[in-house]
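Okay, query18.cif now, which holds mmCIF, N, CA and C atoms:
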data_work
#
loop_
_atom_site.label_atom_id
_atom_site.label_comp_id
_atom_site.auth_asym_id
_atom_site.auth_seq_id
_atom_site.Cartn_x
_atom_site.Cartn_y
_atom_site.Cartn_z
N MET A 1 -12.24 18.15 15.33
CA MET A 1 -11.33 17.62 14.34
C MET A 1 -10.06 17.14 15.02
N GLN A 2 -9.56 16.03 14.49
CA GLN A 2 -8.31 15.47 14.99
C GLN A 2 -7.25 15.55 13.90
N TYR A 3 -6.00 15.40 14.32
CA TYR A 3 -4.86 15.47 13.41
C TYR A 3 -4.03 14.21 13.56
N TRP A 4 -3.45 13.77 12.44
CA TRP A 4 -2.73 12.51 12.40
C TRP A 4 -1.48 12.65 11.55
N LEU A 5 -0.60 11.69 11.68
CA LEU A 5 0.52 11.53 10.77
C LEU A 5 0.42 10.12 10.21
N ILE A 6 0.44 10.03 8.89
CA ILE A 6 0.41 8.72 8.23
C ILE A 6 1.71 8.57 7.45
N LYS A 7 2.30 7.39 7.55
CA LYS A 7 3.59 7.12 6.91
C LYS A 7 3.44 6.15 5.76
N SER A 8 4.22 6.41 4.72
CA SER A 8 4.28 5.47 3.61
C SER A 8 5.66 5.57 2.97
N GLU A 9 6.20 4.44 2.60
CA GLU A 9 7.43 4.45 1.82
C GLU A 9 7.07 4.95 0.43
N PRO A 10 7.75 5.98 -0.06
CA PRO A 10 7.37 6.54 -1.35
C PRO A 10 7.46 5.53 -2.50
N GLU A 11 8.29 4.51 -2.35
CA GLU A 11 8.38 3.48 -3.39
C GLU A 11 7.11 2.63 -3.43
N ALA A 12 6.43 2.54 -2.30
CA ALA A 12 5.19 1.75 -2.22
C ALA A 12 3.98 2.61 -2.57
N TYR A 13 3.87 3.79 -1.95
CA TYR A 13 2.76 4.70 -2.23
C TYR A 13 3.18 6.09 -1.79
N SER A 14 3.40 6.95 -2.76
CA SER A 14 3.92 8.29 -2.47
C SER A 14 2.81 9.34 -2.49
N TRP A 15 3.18 10.54 -2.08
CA TRP A 15 2.27 11.67 -2.17
C TRP A 15 1.80 11.85 -3.62
N ASP A 16 2.72 11.71 -4.56
CA ASP A 16 2.35 11.86 -5.97
C ASP A 16 1.32 10.81 -6.40
N ASN A 17 1.43 9.59 -5.85
CA ASN A 17 0.42 8.56 -6.14
C ASN A 17 -0.94 9.01 -5.64
N LEU A 18 -0.99 9.52 -4.40
CA LEU A 18 -2.25 9.98 -3.83
C LEU A 18 -2.82 11.13 -4.64
N ALA A 19 -1.97 12.08 -5.03
CA ALA A 19 -2.42 13.22 -5.82
C ALA A 19 -3.01 12.76 -7.16
N LYS A 20 -2.42 11.75 -7.74
CA LYS A 20 -2.90 11.22 -9.02
C LYS A 20 -4.20 10.43 -8.83
N ASP A 21 -4.26 9.63 -7.76
CA ASP A 21 -5.44 8.78 -7.51
C ASP A 21 -6.65 9.57 -7.02
N LEU A 22 -6.42 10.69 -6.38
CA LEU A 22 -7.44 11.55 -5.76
C LEU A 22 -8.04 10.98 -4.48
N ILE A 23 -8.17 9.67 -4.39
CA ILE A 23 -8.57 9.02 -3.13
C ILE A 23 -7.71 7.78 -2.99
N GLY A 24 -7.11 7.63 -1.82
CA GLY A 24 -6.27 6.47 -1.56
C GLY A 24 -6.76 5.69 -0.35
N ARG A 25 -6.72 4.38 -0.46
CA ARG A 25 -7.10 3.52 0.66
C ARG A 25 -5.86 3.30 1.51
N TRP A 26 -5.93 3.66 2.80
CA TRP A 26 -4.80 3.48 3.72
C TRP A 26 -4.95 2.11 4.35
N ASP A 27 -4.35 1.11 3.70
CA ASP A 27 -4.52 -0.28 4.12
C ASP A 27 -3.16 -0.91 4.43
N GLY A 28 -3.20 -2.16 4.81
CA GLY A 28 -1.97 -2.89 5.07
C GLY A 28 -1.35 -2.65 6.44
N VAL A 29 -2.03 -1.91 7.29
CA VAL A 29 -1.51 -1.62 8.64
C VAL A 29 -1.69 -2.86 9.50
N ARG A 30 -0.58 -3.33 10.07
CA ARG A 30 -0.62 -4.54 10.89
C ARG A 30 0.04 -4.31 12.25
N ASN A 31 -0.32 -3.22 12.87
CA ASN A 31 0.14 -2.88 14.21
C ASN A 31 -1.11 -2.47 14.98
N TYR A 32 -1.29 -3.02 16.18
CA TYR A 32 -2.53 -2.77 16.93
C TYR A 32 -2.72 -1.31 17.30
N ALA A 33 -1.65 -0.63 17.70
CA ALA A 33 -1.78 0.79 18.06
C ALA A 33 -2.14 1.62 16.83
N ALA A 34 -1.50 1.35 15.71
CA ALA A 34 -1.81 2.08 14.47
C ALA A 34 -3.24 1.76 14.03
N ARG A 35 -3.66 0.50 14.17
CA ARG A 35 -5.03 0.12 13.83
C ARG A 35 -6.03 0.90 14.68
N ASN A 36 -5.76 1.01 15.95
CA ASN A 36 -6.65 1.75 16.83
C ASN A 36 -6.72 3.22 16.43
N ASN A 37 -5.60 3.76 15.96
CA ASN A 37 -5.60 5.14 15.47
C ASN A 37 -6.45 5.26 14.21
N LEU A 38 -6.36 4.28 13.31
CA LEU A 38 -7.22 4.28 12.12
C LEU A 38 -8.69 4.26 12.53
N LYS A 39 -9.01 3.45 13.54
CA LYS A 39 -10.40 3.35 14.01
C LYS A 39 -10.89 4.67 14.61
N ALA A 40 -9.98 5.47 15.13
CA ALA A 40 -10.35 6.74 15.75
C ALA A 40 -10.52 7.87 14.73
N MET A 41 -10.05 7.67 13.52
CA MET A 41 -10.14 8.72 12.50
C MET A 41 -11.59 8.95 12.08
N GLN A 42 -11.90 10.22 11.85
CA GLN A 42 -13.24 10.60 11.42
C GLN A 42 -13.15 11.41 10.13
N ILE A 43 -14.23 11.38 9.37
CA ILE A 43 -14.27 12.15 8.13
C ILE A 43 -13.95 13.61 8.45
N GLY A 44 -13.05 14.17 7.65
CA GLY A 44 -12.63 15.57 7.83
C GLY A 44 -11.36 15.73 8.62
N ASP A 45 -10.92 14.69 9.35
CA ASP A 45 -9.64 14.77 10.07
C ASP A 45 -8.52 14.99 9.05
N LEU A 46 -7.49 15.69 9.48
CA LEU A 46 -6.36 15.99 8.60
C LEU A 46 -5.14 15.16 8.98
N CYS A 47 -4.41 14.71 7.97
CA CYS A 47 -3.27 13.81 8.16
C CYS A 47 -2.03 14.39 7.50
N LEU A 48 -0.97 14.53 8.26
CA LEU A 48 0.32 14.86 7.67
C LEU A 48 0.82 13.61 6.95
N PHE A 49 1.20 13.75 5.70
CA PHE A 49 1.66 12.62 4.88
C PHE A 49 3.18 12.61 4.92
N TYR A 50 3.72 11.54 5.50
CA TYR A 50 5.17 11.41 5.73
C TYR A 50 5.75 10.32 4.84
N HIS A 51 6.78 10.68 4.09
CA HIS A 51 7.54 9.69 3.32
C HIS A 51 8.56 9.06 4.25
N SER A 52 8.40 7.77 4.53
CA SER A 52 9.34 7.08 5.41
C SER A 52 10.42 6.39 4.59
N VAL A 53 11.46 5.94 5.25
CA VAL A 53 12.60 5.22 4.69
C VAL A 53 13.37 6.10 3.70
N THR A 54 12.76 6.41 2.55
CA THR A 54 13.40 7.28 1.57
C THR A 54 12.80 8.67 1.69
N GLY A 55 13.62 9.65 1.92
CA GLY A 55 13.14 11.01 2.08
C GLY A 55 13.00 11.41 3.53
N LYS A 56 12.28 10.64 4.30
CA LYS A 56 12.03 10.92 5.72
C LYS A 56 11.61 12.37 5.91
N GLU A 57 10.42 12.69 5.31
CA GLU A 57 9.94 14.06 5.38
C GLU A 57 8.42 14.10 5.23
N ILE A 58 7.84 15.12 5.84
CA ILE A 58 6.42 15.38 5.67
C ILE A 58 6.28 16.18 4.38
N VAL A 59 5.44 15.68 3.47
CA VAL A 59 5.36 16.30 2.15
C VAL A 59 3.98 16.90 1.83
N GLY A 60 2.96 16.52 2.58
CA GLY A 60 1.63 17.03 2.26
C GLY A 60 0.64 16.79 3.38
N VAL A 61 -0.59 17.23 3.12
CA VAL A 61 -1.71 17.05 4.05
C VAL A 61 -2.82 16.34 3.30
N ALA A 62 -3.32 15.27 3.90
CA ALA A 62 -4.45 14.52 3.35
C ALA A 62 -5.63 14.66 4.30
N LYS A 63 -6.82 14.44 3.76
CA LYS A 63 -8.04 14.52 4.57
C LYS A 63 -8.72 13.15 4.57
N VAL A 64 -9.20 12.72 5.73
CA VAL A 64 -9.95 11.47 5.82
C VAL A 64 -11.30 11.68 5.13
N VAL A 65 -11.59 10.82 4.14
CA VAL A 65 -12.85 10.94 3.40
C VAL A 65 -13.77 9.74 3.61
N LYS A 66 -13.23 8.67 4.20
CA LYS A 66 -14.06 7.51 4.55
C LYS A 66 -13.49 6.90 5.82
N GLU A 67 -14.37 6.72 6.81
CA GLU A 67 -13.94 6.16 8.09
C GLU A 67 -13.66 4.67 7.96
N HIS A 68 -13.10 4.12 9.01
CA HIS A 68 -12.59 2.74 8.97
C HIS A 68 -13.62 1.71 8.55
N TYR A 69 -13.11 0.73 7.83
CA TYR A 69 -13.88 -0.43 7.40
C TYR A 69 -12.90 -1.59 7.27
N PRO A 70 -13.39 -2.82 7.17
CA PRO A 70 -12.47 -3.96 7.13
C PRO A 70 -11.46 -3.84 5.97
N ASP A 71 -10.21 -4.08 6.29
CA ASP A 71 -9.12 -3.99 5.31
C ASP A 71 -9.20 -5.19 4.36
N PRO A 72 -9.47 -4.96 3.08
CA PRO A 72 -9.58 -6.07 2.14
C PRO A 72 -8.26 -6.79 1.88
N THR A 73 -7.13 -6.20 2.31
CA THR A 73 -5.84 -6.86 2.12
C THR A 73 -5.52 -7.82 3.26
N ALA A 74 -6.33 -7.81 4.31
CA ALA A 74 -6.08 -8.67 5.47
C ALA A 74 -6.68 -10.05 5.24
N GLU A 75 -5.87 -11.08 5.41
CA GLU A 75 -6.38 -12.44 5.26
C GLU A 75 -7.07 -12.93 6.52
N GLU A 76 -6.70 -12.38 7.64
CA GLU A 76 -7.35 -12.72 8.91
C GLU A 76 -7.13 -11.60 9.90
N GLY A 77 -7.91 -11.60 10.95
CA GLY A 77 -7.74 -10.60 12.00
C GLY A 77 -8.67 -9.41 11.81
N ASP A 78 -8.65 -8.56 12.82
CA ASP A 78 -9.53 -7.39 12.88
C ASP A 78 -8.78 -6.15 12.39
N TRP A 79 -8.38 -6.15 11.12
CA TRP A 79 -7.61 -5.04 10.57
C TRP A 79 -8.54 -4.13 9.77
N VAL A 80 -8.25 -2.85 9.80
CA VAL A 80 -9.10 -1.88 9.14
C VAL A 80 -8.27 -0.96 8.24
N CYS A 81 -8.97 -0.22 7.40
CA CYS A 81 -8.35 0.80 6.58
C CYS A 81 -9.27 2.02 6.56
N VAL A 82 -8.75 3.13 6.10
CA VAL A 82 -9.53 4.34 5.88
C VAL A 82 -9.21 4.82 4.47
N GLU A 83 -9.95 5.80 4.02
CA GLU A 83 -9.63 6.41 2.73
C GLU A 83 -9.33 7.87 2.96
N VAL A 84 -8.29 8.34 2.24
CA VAL A 84 -7.85 9.73 2.36
C VAL A 84 -7.76 10.35 0.97
N ALA A 85 -7.87 11.67 0.94
CA ALA A 85 -7.74 12.44 -0.29
C ALA A 85 -6.69 13.52 -0.07
N PRO A 86 -5.97 13.89 -1.11
CA PRO A 86 -4.98 14.96 -0.94
C PRO A 86 -5.66 16.29 -0.64
N GLU A 87 -5.17 16.98 0.35
CA GLU A 87 -5.69 18.30 0.70
C GLU A 87 -4.76 19.38 0.15
N MET A 88 -3.46 19.22 0.42
CA MET A 88 -2.48 20.17 -0.13
C MET A 88 -1.08 19.61 0.00
N LYS A 89 -0.26 19.94 -0.97
CA LYS A 89 1.16 19.62 -0.91
C LYS A 89 1.84 20.75 -0.15
N LEU A 90 2.76 20.40 0.74
CA LEU A 90 3.48 21.44 1.47
C LEU A 90 4.37 22.22 0.51
N LYS A 91 4.49 23.52 0.73
CA LYS A 91 5.37 24.34 -0.11
C LYS A 91 6.80 23.86 -0.02
N LYS A 92 7.17 23.44 1.18
CA LYS A 92 8.52 22.95 1.43
C LYS A 92 8.40 21.73 2.34
N PRO A 93 8.91 20.56 1.92
CA PRO A 93 8.86 19.39 2.81
C PRO A 93 9.58 19.67 4.13
N ILE A 94 9.09 19.03 5.18
CA ILE A 94 9.70 19.17 6.50
C ILE A 94 10.38 17.84 6.83
N SER A 95 11.70 17.88 6.92
CA SER A 95 12.48 16.66 7.13
C SER A 95 12.45 16.20 8.58
N LEU A 96 12.75 14.93 8.75
CA LEU A 96 12.86 14.38 10.10
C LEU A 96 13.93 15.13 10.89
N ALA A 97 15.01 15.50 10.24
CA ALA A 97 16.08 16.27 10.93
C ALA A 97 15.54 17.60 11.43
N GLN A 98 14.72 18.28 10.64
CA GLN A 98 14.12 19.54 11.08
C GLN A 98 13.21 19.33 12.28
N ILE A 99 12.43 18.25 12.23
CA ILE A 99 11.51 17.96 13.33
C ILE A 99 12.31 17.69 14.61
N LYS A 100 13.37 16.89 14.49
CA LYS A 100 14.20 16.59 15.66
C LYS A 100 14.88 17.84 16.22
N ALA A 101 15.19 18.79 15.36
CA ALA A 101 15.89 20.01 15.78
C ALA A 101 14.96 21.05 16.39
N GLU A 102 13.66 20.87 16.24
CA GLU A 102 12.69 21.85 16.74
C GLU A 102 12.21 21.46 18.13
N PRO A 103 12.62 22.21 19.17
CA PRO A 103 12.25 21.87 20.55
C PRO A 103 10.74 21.75 20.77
N ARG A 104 9.96 22.54 20.05
CA ARG A 104 8.50 22.51 20.24
C ARG A 104 7.88 21.23 19.68
N LEU A 105 8.67 20.42 18.96
CA LEU A 105 8.17 19.15 18.43
C LEU A 105 8.78 17.94 19.15
N ALA A 106 9.44 18.18 20.26
CA ALA A 106 10.16 17.12 20.97
C ALA A 106 9.27 15.99 21.45
N GLU A 107 7.99 16.27 21.69
CA GLU A 107 7.07 15.25 22.18
C GLU A 107 6.25 14.60 21.06
N MET A 108 6.53 14.96 19.84
CA MET A 108 5.75 14.42 18.71
C MET A 108 5.89 12.91 18.67
N LYS A 109 4.76 12.23 18.45
CA LYS A 109 4.76 10.75 18.43
C LYS A 109 5.68 10.20 17.34
N LEU A 110 5.87 10.93 16.27
CA LEU A 110 6.81 10.52 15.22
C LEU A 110 8.18 10.25 15.81
N LEU A 111 8.56 11.02 16.80
CA LEU A 111 9.87 10.85 17.46
C LEU A 111 9.81 9.85 18.60
N LYS A 112 8.72 9.85 19.34
CA LYS A 112 8.60 8.99 20.51
C LYS A 112 8.23 7.55 20.16
N LEU A 113 7.43 7.38 19.12
CA LEU A 113 6.97 6.06 18.68
C LEU A 113 7.30 5.93 17.19
N SER A 114 8.58 5.96 16.88
CA SER A 114 9.03 6.12 15.50
C SER A 114 8.61 4.99 14.56
N ARG A 115 8.27 3.83 15.08
CA ARG A 115 7.89 2.72 14.21
C ARG A 115 6.40 2.69 13.91
N LEU A 116 5.64 3.56 14.55
CA LEU A 116 4.20 3.58 14.37
C LEU A 116 3.85 4.26 13.04
N SER A 117 3.08 3.57 12.19
CA SER A 117 2.79 4.08 10.85
C SER A 117 1.61 5.06 10.81
N VAL A 118 0.81 5.07 11.85
CA VAL A 118 -0.32 6.02 11.97
C VAL A 118 -0.31 6.51 13.40
N SER A 119 -0.11 7.82 13.57
CA SER A 119 -0.01 8.34 14.93
C SER A 119 -0.75 9.67 15.06
N PRO A 120 -1.21 9.97 16.27
CA PRO A 120 -1.89 11.25 16.48
C PRO A 120 -0.88 12.40 16.49
N VAL A 121 -1.38 13.56 16.12
CA VAL A 121 -0.60 14.80 16.12
C VAL A 121 -1.44 15.84 16.84
N THR A 122 -0.84 16.65 17.67
CA THR A 122 -1.60 17.71 18.33
C THR A 122 -1.85 18.86 17.35
N ARG A 123 -2.83 19.67 17.66
CA ARG A 123 -3.11 20.85 16.82
C ARG A 123 -1.89 21.76 16.75
N GLU A 124 -1.20 21.91 17.89
CA GLU A 124 -0.02 22.76 17.93
C GLU A 124 1.09 22.22 17.03
N GLU A 125 1.31 20.89 17.07
CA GLU A 125 2.31 20.28 16.21
C GLU A 125 1.94 20.45 14.74
N TYR A 126 0.68 20.21 14.43
CA TYR A 126 0.19 20.35 13.05
C TYR A 126 0.42 21.78 12.55
N ASP A 127 -0.01 22.76 13.34
CA ASP A 127 0.14 24.17 12.95
C ASP A 127 1.61 24.54 12.78
N LEU A 128 2.47 24.05 13.65
CA LEU A 128 3.90 24.36 13.56
C LEU A 128 4.51 23.75 12.30
N ILE A 129 4.15 22.52 11.99
CA ILE A 129 4.66 21.89 10.76
C ILE A 129 4.26 22.73 9.55
N LEU A 130 2.99 23.16 9.49
CA LEU A 130 2.56 23.98 8.36
C LEU A 130 3.31 25.30 8.31
N ALA A 131 3.53 25.91 9.47
CA ALA A 131 4.28 27.18 9.51
C ALA A 131 5.72 26.98 9.02
N LEU A 132 6.35 25.89 9.46
CA LEU A 132 7.72 25.62 9.03
C LEU A 132 7.80 25.41 7.52
N SER A 133 6.76 24.84 6.96
CA SER A 133 6.77 24.59 5.51
C SER A 133 6.63 25.86 4.70
N GLU A 134 6.20 26.93 5.34
CA GLU A 134 6.05 28.22 4.66
C GLU A 134 7.34 29.04 4.67
N ASP A 135 8.23 28.73 5.62
CA ASP A 135 9.48 29.52 5.75
C ASP A 135 10.41 29.30 4.59
#

Could you express the structure from this file as structure tokens?
Amino acid sequence: MQYWLIKSEPEAYSWDNLAKDLIGRWDGVRNYAARNNLKAMQIGDLCLFYHSVTGKEIVGVAKVVKEHYPDPTAEEGDWVCVEVAPEMKLKKPISLAQIKAEPRLAEMKLLKLSRLSVSPVTREEYDLILALSED
């Protein structure tokens, strides 16, 4: 199993939207590195759901339920999407400020490649985020 962080502006598609929809198509990604990460996702992989721009916090965990396929929103190019389902809402959102303040998360791709909308997360980072949300 692999772990990921997926970003969405809550005004465009929030955790609450995903919870209501039950399955969400993660489309519209137009960055080659993020696209490659979508292609690497497998059914059952877990994704930290991050509200970008407004909120700037991890709010939940989603599970990949359908592997990559051609993005129907793309007019041209080799763009893909995946489908995710809500797994659980975090008890307490984890803010970007908290992540930056935690030395054990200093290498997290969210901080190193901050513009990337889909990025890998290590098991240790994933576990730590969940633990922080319980405190």

Problem set entry | Non-local contacts of Trp79 in chain A (8 Å; all atoms listed in the file; under 2 positions in same chain excluded) as a ChimeraX atom specification | /A:27-31,35,68-77,81

For this session: Could you give me, as a PyMOL selection string, each residue of chain A that DSSP assigns to strand (DSSP E) when run on this structure's backbone?
Result: chain A and resi 3-8+24-26+46-51+57-70+80-95+118-121

Select from range 86-122 of chain A every residue with an atom at most 12 Å from any atom of range 15-22 of chain A, then for each give the shortest pair of atoms and their distance in Å to one decimal, using only C-alpha atoms, rows by chain and rising number, as a tab-separated table.
residue	atom	partner	partner_atom	distance
A:Pro86	CA	A:Ala19	CA	5.8
A:Glu87	CA	A:Ala19	CA	8.9
A:Met88	CA	A:Ala19	CA	9.0
A:Lys89	CA	A:Trp15	CA	8.1
A:Leu90	CA	A:Trp15	CA	10.5
A:Pro93	CA	A:Trp15	CA	11.3

For this session: Quick one: everything within 9 Å of Trp26 in chain A, counting only C-alpha atoms, minus sequence neighbours fewer than 6 positions away in the same chain. Send it as a ChimeraX atom specification.
Result: /A:6,38,71,80-84

For this session: Give me, please, the distance in Å between CA of Ala101 in chain A and CA of Leu116 in chain A, quoted to one decimal.
Result: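 We find that CA of Ala101 in chain A and CA of Leu116 in chain A lie 20.2 Å from each other.
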
Can we get range 74-107 of chain A of that structure written down with N, CA and C atoms, as a PDB file, in the first residue's frame?
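This went into selection_6.pdb:
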ATOM      1  N   ALA A  74      -9.949  16.651 -19.908  1.00  0.00           N
ATOM      2  CA  ALA A  74      -8.796  17.071 -20.712  1.00  0.00           C
ATOM      3  C   ALA A  74      -9.187  17.142 -22.183  1.00  0.00           C
ATOM      4  N   GLU A  75      -8.916  18.275 -22.805  1.00  0.00           N
ATOM      5  CA  GLU A  75      -9.209  18.420 -24.228  1.00  0.00           C
ATOM      6  C   GLU A  75      -8.116  17.815 -25.093  1.00  0.00           C
ATOM      7  N   GLU A  76      -6.920  17.753 -24.564  1.00  0.00           N
ATOM      8  CA  GLU A  76      -5.803  17.128 -25.283  1.00  0.00           C
ATOM      9  C   GLU A  76      -4.753  16.709 -24.281  1.00  0.00           C
ATOM     10  N   GLY A  77      -3.855  15.857 -24.714  1.00  0.00           N
ATOM     11  CA  GLY A  77      -2.758  15.428 -23.860  1.00  0.00           C
ATOM     12  C   GLY A  77      -3.058  14.125 -23.138  1.00  0.00           C
ATOM     13  N   ASP A  78      -2.036  13.636 -22.475  1.00  0.00           N
ATOM     14  CA  ASP A  78      -2.086  12.351 -21.778  1.00  0.00           C
ATOM     15  C   ASP A  78      -2.385  12.573 -20.296  1.00  0.00           C
ATOM     16  N   TRP A  79      -3.559  13.116 -19.989  1.00  0.00           N
ATOM     17  CA  TRP A  79      -3.917  13.414 -18.606  1.00  0.00           C
ATOM     18  C   TRP A  79      -4.836  12.326 -18.076  1.00  0.00           C
ATOM     19  N   VAL A  80      -4.701  12.041 -16.800  1.00  0.00           N
ATOM     20  CA  VAL A  80      -5.473  10.966 -16.190  1.00  0.00           C
ATOM     21  C   VAL A  80      -6.171  11.452 -14.922  1.00  0.00           C
ATOM     22  N   CYS A  81      -7.088  10.638 -14.449  1.00  0.00           N
ATOM     23  CA  CYS A  81      -7.741  10.889 -13.175  1.00  0.00           C
ATOM     24  C   CYS A  81      -7.880   9.553 -12.446  1.00  0.00           C
ATOM     25  N   VAL A  82      -8.194   9.625 -11.173  1.00  0.00           N
ATOM     26  CA  VAL A  82      -8.504   8.448 -10.372  1.00  0.00           C
ATOM     27  C   VAL A  82      -9.815   8.733  -9.650  1.00  0.00           C
ATOM     28  N   GLU A  83     -10.357   7.730  -9.013  1.00  0.00           N
ATOM     29  CA  GLU A  83     -11.540   7.945  -8.189  1.00  0.00           C
ATOM     30  C   GLU A  83     -11.205   7.571  -6.761  1.00  0.00           C
ATOM     31  N   VAL A  84     -11.704   8.403  -5.834  1.00  0.00           N
ATOM     32  CA  VAL A  84     -11.453   8.200  -4.411  1.00  0.00           C
ATOM     33  C   VAL A  84     -12.776   8.224  -3.655  1.00  0.00           C
ATOM     34  N   ALA A  85     -12.775   7.575  -2.502  1.00  0.00           N
ATOM     35  CA  ALA A  85     -13.934   7.554  -1.615  1.00  0.00           C
ATOM     36  C   ALA A  85     -13.479   8.001  -0.230  1.00  0.00           C
ATOM     37  N   PRO A  86     -14.363   8.644   0.517  1.00  0.00           N
ATOM     38  CA  PRO A  86     -13.974   9.059   1.870  1.00  0.00           C
ATOM     39  C   PRO A  86     -13.749   7.841   2.766  1.00  0.00           C
ATOM     40  N   GLU A  87     -12.666   7.847   3.481  1.00  0.00           N
ATOM     41  CA  GLU A  87     -12.354   6.775   4.423  1.00  0.00           C
ATOM     42  C   GLU A  87     -12.689   7.231   5.843  1.00  0.00           C
ATOM     43  N   MET A  88     -12.194   8.420   6.200  1.00  0.00           N
ATOM     44  CA  MET A  88     -12.522   8.977   7.520  1.00  0.00           C
ATOM     45  C   MET A  88     -12.165  10.455   7.570  1.00  0.00           C
ATOM     46  N   LYS A  89     -12.958  11.189   8.305  1.00  0.00           N
ATOM     47  CA  LYS A  89     -12.654  12.587   8.585  1.00  0.00           C
ATOM     48  C   LYS A  89     -11.740  12.607   9.802  1.00  0.00           C
ATOM     49  N   LEU A  90     -10.720  13.451   9.769  1.00  0.00           N
ATOM     50  CA  LEU A  90      -9.830  13.544  10.924  1.00  0.00           C
ATOM     51  C   LEU A  90     -10.584  14.159  12.101  1.00  0.00           C
ATOM     52  N   LYS A  91     -10.290  13.689  13.299  1.00  0.00           N
ATOM     53  CA  LYS A  91     -10.931  14.250  14.495  1.00  0.00           C
ATOM     54  C   LYS A  91     -10.601  15.726  14.636  1.00  0.00           C
ATOM     55  N   LYS A  92      -9.370  16.048  14.274  1.00  0.00           N
ATOM     56  CA  LYS A  92      -8.900  17.434  14.351  1.00  0.00           C
ATOM     57  C   LYS A  92      -8.071  17.700  13.098  1.00  0.00           C
ATOM     58  N   PRO A  93      -8.442  18.713  12.287  1.00  0.00           N
ATOM     59  CA  PRO A  93      -7.622  19.026  11.108  1.00  0.00           C
ATOM     60  C   PRO A  93      -6.186  19.360  11.508  1.00  0.00           C
ATOM     61  N   ILE A  94      -5.270  19.038  10.613  1.00  0.00           N
ATOM     62  CA  ILE A  94      -3.849  19.335  10.840  1.00  0.00           C
ATOM     63  C   ILE A  94      -3.458  20.453   9.880  1.00  0.00           C
ATOM     64  N   SER A  95      -3.126  21.601  10.440  1.00  0.00           N
ATOM     65  CA  SER A  95      -2.834  22.787   9.633  1.00  0.00           C
ATOM     66  C   SER A  95      -1.428  22.732   9.037  1.00  0.00           C
ATOM     67  N   LEU A  96      -1.258  23.513   7.995  1.00  0.00           N
ATOM     68  CA  LEU A  96       0.064  23.650   7.390  1.00  0.00           C
ATOM     69  C   LEU A  96       1.061  24.167   8.419  1.00  0.00           C
ATOM     70  N   ALA A  97       0.641  25.078   9.270  1.00  0.00           N
ATOM     71  CA  ALA A  97       1.533  25.607  10.319  1.00  0.00           C
ATOM     72  C   ALA A  97       1.986  24.492  11.258  1.00  0.00           C
ATOM     73  N   GLN A  98       1.085  23.585  11.621  1.00  0.00           N
ATOM     74  CA  GLN A  98       1.460  22.459  12.479  1.00  0.00           C
ATOM     75  C   GLN A  98       2.464  21.555  11.778  1.00  0.00           C
ATOM     76  N   ILE A  99       2.232  21.317  10.491  1.00  0.00           N
ATOM     77  CA  ILE A  99       3.141  20.458   9.724  1.00  0.00           C
ATOM     78  C   ILE A  99       4.525  21.095   9.666  1.00  0.00           C
ATOM     79  N   LYS A 100       4.568  22.399   9.392  1.00  0.00           N
ATOM     80  CA  LYS A 100       5.862  23.097   9.325  1.00  0.00           C
ATOM     81  C   LYS A 100       6.577  23.094  10.668  1.00  0.00           C
ATOM     82  N   ALA A 101       5.825  23.097  11.755  1.00  0.00           N
ATOM     83  CA  ALA A 101       6.415  23.155  13.095  1.00  0.00           C
ATOM     84  C   ALA A 101       6.887  21.794  13.594  1.00  0.00           C
ATOM     85  N   GLU A 102       6.504  20.725  12.918  1.00  0.00           N
ATOM     86  CA  GLU A 102       6.851  19.370  13.356  1.00  0.00           C
ATOM     87  C   GLU A 102       8.122  18.900  12.655  1.00  0.00           C
ATOM     88  N   PRO A 103       9.247  18.797  13.388  1.00  0.00           N
ATOM     89  CA  PRO A 103      10.522  18.410  12.768  1.00  0.00           C
ATOM     90  C   PRO A 103      10.459  17.071  12.021  1.00  0.00           C
ATOM     91  N   ARG A 104       9.648  16.149  12.498  1.00  0.00           N
ATOM     92  CA  ARG A 104       9.563  14.828  11.854  1.00  0.00           C
ATOM     93  C   ARG A 104       8.851  14.894  10.503  1.00  0.00           C
ATOM     94  N   LEU A 105       8.261  16.044  10.170  1.00  0.00           N
ATOM     95  CA  LEU A 105       7.595  16.209   8.877  1.00  0.00           C
ATOM     96  C   LEU A 105       8.362  17.161   7.951  1.00  0.00           C
ATOM     97  N   ALA A 106       9.583  17.490   8.320  1.00  0.00           N
ATOM     98  CA  ALA A 106      10.376  18.475   7.574  1.00  0.00           C
ATOM     99  C   ALA A 106      10.642  18.079   6.125  1.00  0.00           C
ATOM    100  N   GLU A 107      10.654  16.786   5.838  1.00  0.00           N
ATOM    101  CA  GLU A 107      10.928  16.317   4.482  1.00  0.00           C
ATOM    102  C   GLU A 107       9.656  16.017   3.682  1.00  0.00           C
TER     103      GLU A 107
END
